Structures are given as structure tokens and as C-alpha cells.
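Data block below; observations after.
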Amino acid sequence: LVGGLSIVLPSSGLLAFQPEALFVNKGAKASTGDPGGLKLSYFEVPLLLRLKLGGEGTVHPHAYAGPYFGIQVDCSVTGSSAETNSLPS
């Protein structure tokens with residue numbers, strides 16, 4: 001699940017800056033058949049440079065590059081067969 005906001009500055013021309021603010025859920029399910037798993041939640045801020053690659057008409061392809069910063073806001077591990085003492089804190 002991902003939700004957030006983005007803005008394109010400037011909104012016309014070949015090159016633009018696109019900062020975003022995202023709330024992202026990531027995770028994994030146990031491979032042992034246990035219904036548990038790992039769930040991580042992050043707040044991420046990508047700082048993207050956006051290049052318009054042409055495409056006159058209704059299709060407008062773009063290329064994106066840039067760093068992003070993220071902070072973990074939640075982590076939960078569920079299940080009965082996991083060795084939780086070996087998980088990073």
C-alpha cells in the first residue's frame with residue numbers, strides 16, 4: 001500500500017523537479033506455512049529529476065532519477081515459528 005503527494009516544478013518543458021511525500025507499507029509472509037510475517041511502514045521523500053522523452057500526442061513518456069530519503073515508522077513481526085532473537089532491532 002502506497003499513498004502520498006507529488007508536485008512537478010515547473011510543469012512544462014523537458015526537465016522538471018518532482019518532490020514527493022509517500023507513506024509506504026512493505027513486508028513479507030512466512031515461507032514455513034505459518035500465517036505470520038513481517039510488516040514495515042515507512043515515510044519516504046523521493047527528490048526526482050524528471051526528463052520528458054518526447055511523445056507528441058496523448059502518450060508522454062518520462063525518465064526519472066534522483067535520491068530518496070526514508071524513515072521507518074512501524075515494524076511488526078507475527079507468527080509462532082520465527083526466531084525473533086535474531087532479528088535486527
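Chain labels A, B, ... are given in the sequence in which chains occur in the C-alpha cells; within each chain residues are numbered consecutively from 1, and ligands are likewise numbered from 1 in the order shown.
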Please provide the set of residues having any atom within 12 Å of A:Gly55, restricted to only C-alpha atoms, with same-chain residues fewer than 6 positions apart removed, written as a count of residues only. 3
Quick one: residues within 8 Å of A:Val77, only C-alpha atoms, excluding same-chain residues fewer than 4 positions away - as a ChimeraX atom specification? /A:36-39
Suppose we keep N, CA and C atoms; can you now write the selection as an mmCIF file, in the first residue's frame?
```
data_model
loop_
_atom_site.group_PDB
_atom_site.id
_atom_site.type_symbol
_atom_site.label_atom_id
_atom_site.label_comp_id
_atom_site.auth_asym_id
_atom_site.auth_seq_id
_atom_site.Cartn_x
_atom_site.Cartn_y
_atom_site.Cartn_z
ATOM 1 N N GLY A 36 1.920 -15.913 9.852
ATOM 2 C CA GLY A 36 2.577 -14.679 10.265
ATOM 3 C C GLY A 36 3.446 -14.088 9.178
ATOM 4 N N GLY A 37 4.158 -13.043 9.550
ATOM 5 C CA GLY A 37 5.055 -12.401 8.612
ATOM 6 C C GLY A 37 5.647 -11.136 9.187
ATOM 7 N N LEU A 38 6.160 -10.301 8.307
ATOM 8 C CA LEU A 38 6.837 -9.062 8.655
ATOM 9 C C LEU A 38 6.122 -7.918 7.958
ATOM 10 N N LYS A 39 5.828 -6.848 8.688
ATOM 11 C CA LYS A 39 5.197 -5.671 8.112
ATOM 12 C C LYS A 39 5.996 -4.445 8.528
#
```
Strand (DSSP E or B) per DSSP on the backbone: members of chain A, as a PyMOL selection string: chain A and resi 2-6+9+15-29+37-52+62-65+68-78
Check the smallest atom-to-atom distance from each of A:Pro35, A:Gly27, A:Gly57, A:Pro46 to A:Ser76 using only C-alpha atoms, then report the winner. A:Gly27
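Comparing A:Ala63, A:Asp34, A:Leu22, A:Thr58 by their smallest distance to A:Gly4, the closest is A:Leu22 (using only C-alpha atoms).
Computed from the coordinates, the atom CA of A:Tyr42 to atom CA of A:Leu5 distance equals 14.5 Å.
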Which residue gives the smallest distance to A:Gly13 among A:Leu1, A:Leu51, A:Ala65, A:Val45, with only C-alpha atoms counted? A:Leu51
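Proximity of A:Gly3, A:Pro67, A:Gly54, A:Gly33 to A:Phe17, computed with only C-alpha atoms, is greatest for A:Pro67.
The smallest atom-to-atom distance between A:Leu40 and any of A:Leu15, A:Val8, A:Val59, A:Val24, using only C-alpha atoms, is found for A:Val24.
Nearest to A:Gln18 of all the residues A:Ile71, A:Leu47, A:Ala30, A:Leu53 is A:Leu47, based on only C-alpha atoms.
Here atom CA of A:Ser41 is placed at a distance of 12.2 Å from atom CA of A:Ala28.
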